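J.: Sharing a structure here in C-alpha coordinates format.
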Amino acid sequence: MTLRQNGMGSRRGVLGAMRRLAKADAGNFGIILGLSAVPLIVAIGGAIDYSNALREKAGVQAAADAAALSAAKFSGTDEKARTARADMFFKANLDAEIDIKSTSLKKVDGSWVYDASFSMPTTFLGLMDVKKLDMSVQSAVKQSDTPLDIVLVLDSTGSMQNYGKMAQLQAAVQLFLDNFEDAAGAAKIQVAMIPFDTQIKIQN
(Lines give C-alpha, C1' and ligand atoms only; values in the text may rest on other atoms or scores of the structure.)
Protein backbone atom coordinates (compact mmCIF):
# COMPACT_ATOMS: atom_id res chain seq x y z
CA MET A 1 0.00 0.00 0.00
CA THR A 2 2.87 2.31 0.75
CA LEU A 3 4.42 1.87 -2.71
CA ARG A 4 1.09 2.57 -4.39
CA GLN A 5 0.59 5.69 -2.37
CA ASN A 6 4.12 6.89 -3.20
CA GLY A 7 3.49 6.39 -6.91
CA MET A 8 0.25 8.32 -6.80
CA GLY A 9 1.94 11.08 -4.85
CA SER A 10 4.71 11.39 -7.47
CA ARG A 11 2.21 11.68 -10.30
CA ARG A 12 0.24 14.32 -8.42
CA GLY A 13 3.48 16.23 -7.77
CA VAL A 14 4.46 16.25 -11.47
CA LEU A 15 0.98 17.29 -12.58
CA GLY A 16 0.92 20.04 -9.99
CA ALA A 17 4.29 21.36 -11.17
CA MET A 18 3.11 21.40 -14.78
CA ARG A 19 -0.04 23.33 -13.80
CA ARG A 20 1.99 25.88 -11.89
CA LEU A 21 4.40 26.27 -14.84
CA ALA A 22 1.49 26.87 -17.22
CA LYS A 23 0.06 29.55 -14.97
CA ALA A 24 3.41 31.26 -14.24
CA ASP A 25 3.88 34.74 -15.82
CA ALA A 26 6.91 36.04 -13.92
CA GLY A 27 9.23 35.84 -16.98
CA ASN A 28 6.85 37.15 -19.63
CA PHE A 29 8.09 40.74 -19.39
CA GLY A 30 11.67 39.72 -20.04
CA ILE A 31 10.66 37.58 -23.02
CA ILE A 32 8.50 40.36 -24.53
CA LEU A 33 11.24 42.93 -23.97
CA GLY A 34 13.80 40.71 -25.63
CA LEU A 35 11.57 40.10 -28.64
CA SER A 36 10.73 43.80 -29.07
CA ALA A 37 14.32 45.00 -28.59
CA VAL A 38 15.50 43.93 -32.07
CA PRO A 39 12.89 45.85 -34.14
CA LEU A 40 13.25 48.81 -31.79
CA ILE A 41 17.03 48.92 -32.31
CA VAL A 42 16.59 48.53 -36.07
CA ALA A 43 14.03 51.37 -36.17
CA ILE A 44 16.20 53.78 -34.17
CA GLY A 45 19.38 52.70 -35.95
CA GLY A 46 17.67 52.97 -39.34
CA ALA A 47 16.79 56.58 -38.57
CA ILE A 48 20.44 57.23 -37.73
CA ASP A 49 21.62 55.57 -40.95
CA TYR A 50 19.16 57.59 -43.02
CA SER A 51 20.12 60.81 -41.25
CA ASN A 52 23.80 60.16 -42.04
CA ALA A 53 22.90 59.47 -45.67
CA LEU A 54 20.98 62.76 -45.93
CA ARG A 55 23.96 64.63 -44.49
CA GLU A 56 26.26 63.11 -47.10
CA LYS A 57 23.65 63.85 -49.79
CA ALA A 58 23.84 67.55 -48.92
CA GLY A 59 27.60 67.44 -49.53
CA VAL A 60 27.17 65.64 -52.87
CA GLN A 61 24.50 68.18 -53.86
CA ALA A 62 26.91 71.05 -53.20
CA ALA A 63 29.56 69.34 -55.33
CA ALA A 64 27.04 68.80 -58.16
CA ASP A 65 26.04 72.48 -57.96
CA ALA A 66 29.69 73.48 -58.41
CA ALA A 67 30.03 71.10 -61.36
CA ALA A 68 26.92 72.42 -63.14
CA LEU A 69 27.99 76.01 -62.57
CA SER A 70 31.45 75.36 -64.04
CA ALA A 71 29.86 73.69 -67.08
CA ALA A 72 27.60 76.69 -67.69
CA LYS A 73 30.53 79.12 -67.37
CA PHE A 74 32.74 77.15 -69.80
CA SER A 75 33.25 79.35 -72.86
CA GLY A 76 34.63 76.78 -75.29
CA THR A 77 32.86 74.44 -77.71
CA ASP A 78 34.68 71.20 -76.84
CA GLU A 79 32.02 69.23 -74.95
CA LYS A 80 34.55 66.68 -73.69
CA ALA A 81 36.56 69.50 -72.15
CA ARG A 82 33.37 70.95 -70.63
CA THR A 83 32.49 67.58 -69.05
CA ALA A 84 36.05 67.09 -67.80
CA ARG A 85 35.95 70.55 -66.20
CA ALA A 86 32.61 69.78 -64.53
CA ASP A 87 33.91 66.45 -63.20
CA MET A 88 37.02 68.17 -61.87
CA PHE A 89 34.96 70.70 -59.92
CA PHE A 90 32.68 67.91 -58.67
CA LYS A 91 35.55 65.84 -57.29
CA ALA A 92 37.29 68.90 -55.82
CA ASN A 93 34.20 69.67 -53.70
CA LEU A 94 33.44 66.07 -52.72
CA ASP A 95 34.31 64.02 -49.65
CA ALA A 96 36.78 61.41 -50.93
CA GLU A 97 35.18 58.66 -48.80
CA ILE A 98 31.81 58.84 -50.58
CA ASP A 99 31.24 55.97 -53.02
CA ILE A 100 30.17 57.68 -56.26
CA LYS A 101 28.49 55.26 -58.67
CA SER A 102 28.01 57.50 -61.71
CA THR A 103 27.99 61.10 -62.97
CA SER A 104 26.69 62.69 -66.15
CA LEU A 105 26.41 66.10 -67.77
CA LYS A 106 23.78 67.04 -70.33
CA LYS A 107 22.07 70.13 -71.71
CA VAL A 108 18.30 70.34 -71.27
CA ASP A 109 16.25 73.35 -72.45
CA GLY A 110 19.21 75.72 -72.28
CA SER A 111 20.35 74.48 -68.85
CA TRP A 112 23.36 72.37 -68.00
CA VAL A 113 22.22 69.46 -65.83
CA TYR A 114 24.68 67.47 -63.71
CA ASP A 115 23.52 64.15 -62.23
CA ALA A 116 25.34 62.05 -59.65
CA SER A 117 24.40 58.82 -57.87
CA PHE A 118 26.13 57.35 -54.84
CA SER A 119 25.84 54.66 -52.16
CA MET A 120 26.03 55.01 -48.39
CA PRO A 121 26.91 51.92 -46.32
CA THR A 122 24.59 51.26 -43.40
CA THR A 123 25.30 50.13 -39.86
CA PHE A 124 22.02 49.31 -38.14
CA LEU A 125 19.98 48.57 -41.26
CA GLY A 126 22.49 45.82 -42.01
CA LEU A 127 20.59 43.77 -39.42
CA MET A 128 17.70 43.76 -41.92
CA ASP A 129 20.08 42.87 -44.78
CA VAL A 130 20.05 46.46 -46.08
CA LYS A 131 23.78 46.90 -46.63
CA LYS A 132 23.65 50.32 -48.32
CA LEU A 133 21.37 53.20 -49.26
CA ASP A 134 21.39 54.26 -52.92
CA MET A 135 20.82 58.00 -53.42
CA SER A 136 21.09 60.53 -56.25
CA VAL A 137 21.28 64.29 -56.74
CA GLN A 138 20.74 66.65 -59.67
CA SER A 139 21.79 70.23 -60.28
CA ALA A 140 20.75 72.47 -63.18
CA VAL A 141 22.25 75.84 -64.13
CA LYS A 142 20.77 77.88 -66.96
CA GLN A 143 23.30 79.52 -69.23
CA SER A 144 22.77 83.26 -69.27
CA ASP A 145 21.63 84.83 -72.52
CA THR A 146 22.06 88.39 -71.24
CA PRO A 147 24.21 90.53 -73.57
CA LEU A 148 27.68 91.16 -72.19
CA ASP A 149 29.32 94.55 -72.61
CA ILE A 150 33.06 94.76 -71.91
CA VAL A 151 35.11 97.94 -71.76
CA LEU A 152 38.92 97.77 -71.81
CA VAL A 153 40.78 100.89 -70.71
CA LEU A 154 44.29 100.65 -72.21
CA ASP A 155 47.34 102.58 -71.15
CA SER A 156 48.92 104.37 -74.14
CA THR A 157 51.19 106.77 -72.25
CA GLY A 158 54.74 107.37 -73.39
CA SER A 159 56.22 104.78 -71.04
CA MET A 160 54.35 102.04 -72.89
CA GLN A 161 56.67 102.59 -75.88
CA ASN A 162 59.65 101.24 -73.91
CA TYR A 163 60.76 97.64 -73.35
CA GLY A 164 58.11 96.20 -75.66
CA LYS A 165 55.27 97.10 -73.27
CA MET A 166 52.89 98.04 -76.07
CA ALA A 167 53.45 94.71 -77.82
CA GLN A 168 52.79 92.90 -74.56
CA LEU A 169 49.60 94.92 -74.06
CA GLN A 170 48.36 94.05 -77.53
CA ALA A 171 49.11 90.36 -76.95
CA ALA A 172 47.28 90.45 -73.62
CA VAL A 173 44.21 92.04 -75.21
CA GLN A 174 44.21 89.47 -78.01
CA LEU A 175 44.52 86.61 -75.48
CA PHE A 176 41.61 88.03 -73.52
CA LEU A 177 39.40 88.33 -76.61
CA ASP A 178 40.30 84.81 -77.75
CA ASN A 179 38.51 83.47 -74.66
CA PHE A 180 35.20 84.60 -76.17
CA GLU A 181 35.82 83.38 -79.70
CA ASP A 182 33.37 80.65 -80.78
CA ALA A 183 31.85 80.68 -77.31
CA ALA A 184 28.13 80.09 -76.88
CA GLY A 185 26.42 83.44 -77.08
CA ALA A 186 29.53 85.14 -78.49
CA ALA A 187 27.36 87.20 -80.83
CA LYS A 188 25.92 88.92 -77.76
CA ILE A 189 29.31 90.04 -76.47
CA GLN A 190 30.40 93.60 -77.24
CA VAL A 191 33.88 94.91 -76.46
CA ALA A 192 34.94 98.56 -76.39
CA MET A 193 38.57 99.66 -76.06
CA ILE A 194 39.42 103.09 -74.64
CA PRO A 195 43.06 104.20 -74.83
CA PHE A 196 44.23 106.92 -72.48
CA ASP A 197 47.34 109.07 -72.47
CA THR A 198 47.22 111.32 -69.45
CA GLN A 199 43.56 111.35 -68.53
CA ILE A 200 40.13 110.09 -69.48
CA LYS A 201 37.15 112.36 -69.90
CA ILE A 202 33.74 110.77 -69.44
CA GLN A 203 30.86 112.70 -70.94
CA ASN A 204 27.20 112.10 -70.22
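Chain labels A, B, ... are given in the sequence in which chains occur in the C-alpha coordinates; within each chain residues are numbered consecutively from 1, and ligands are likewise numbered from 1 in the order shown.
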Using only C-alpha atoms, which residues of range 101-132 of chain A come within 10 Å of range 70-77 of chain A, and what is the closest atom pair for each, with the distance in Å to one decimal? Give it as CSV, sorted by chain and residue number.

T.:
residue,atom,partner,partner_atom,distance
A:Leu105,CA,A:Ala71,CA,8.4
A:Lys106,CA,A:Ala71,CA,9.6
A:Lys107,CA,A:Ala72,CA,9.5
A:Gly110,CA,A:Ala72,CA,9.6
A:Ser111,CA,A:Ala72,CA,7.7
A:Trp112,CA,A:Ala72,CA,6.1
A:Val113,CA,A:Ala71,CA,8.8
A:Tyr114,CA,A:Ala71,CA,8.8

J.: Taking 4 positions as the minimum chain separation for residues in the same chain, which residues sit within 12 Å of Ile150 in chain A when counting only C-alpha atoms? Answer as a PyMOL selection string.

T.: chain A and resi 173+176-177+180+188-194

J.: Of the residues A:Leu175, A:Ala68, A:Ala140, A:Leu152, which is the one nearest to Arg85 in chain A, using only C-alpha atoms?

T.: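 For Arg85 in chain A, the nearest of the candidates is A:Ala68.
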
J.: For each of A:Asp197, A:Asp49, A:Asp155, A:Asp99, take the minimum atom-to-atom distance to Thr122 in chain A, counting only C-alpha atoms, then give the residue where this is smallest.

T.: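 Ranking A:Asp197, A:Asp49, A:Asp155, A:Asp99 by distance to Thr122 in chain A, first place goes to A:Asp49.
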
J.: Grab the CA of Arg55 in chain A to CA of Leu40 in chain A distance for me, in Å with one decimal place.

T.: 22.9 Å

J.: Tell me which of A:Thr83, A:Met88, A:Thr123, A:Thr103 sits closest to Ile48 in chain A, counting only C-alpha atoms.

T.: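 Result for the nearest residue to Ile48 in chain A: A:Thr123.
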
J.: Quick one: pull the distance between CA of Ser139 in chain A and CA of Met120 in chain A, Å, one decimal.

T.: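 About the pair CA of Ser139 in chain A and CA of Met120 in chain A: they are 19.8 Å apart.
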
J.: Using only C-alpha atoms, pick whichever of A:Leu125, A:Asp115, A:Glu79, A:Gly164 has the shortest atom-to-atom distance to Ala47 in chain A.

T.: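 Of all the options, A:Leu125 lies closest to Ala47 in chain A.
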
J.: Using only C-alpha atoms, which of A:Ile44, A:Asn52, A:Val141, A:Met166 sits nearest Ser119 in chain A?

T.: A:Asn52

J.: List every residue of range 21-153 of chain A that DSSP, applied to the backbone, labels as alpha helix (DSSP H), and write the result as an MDAnalysis selection string.

T.: chainID A and resid 21:23 28:73 79:92
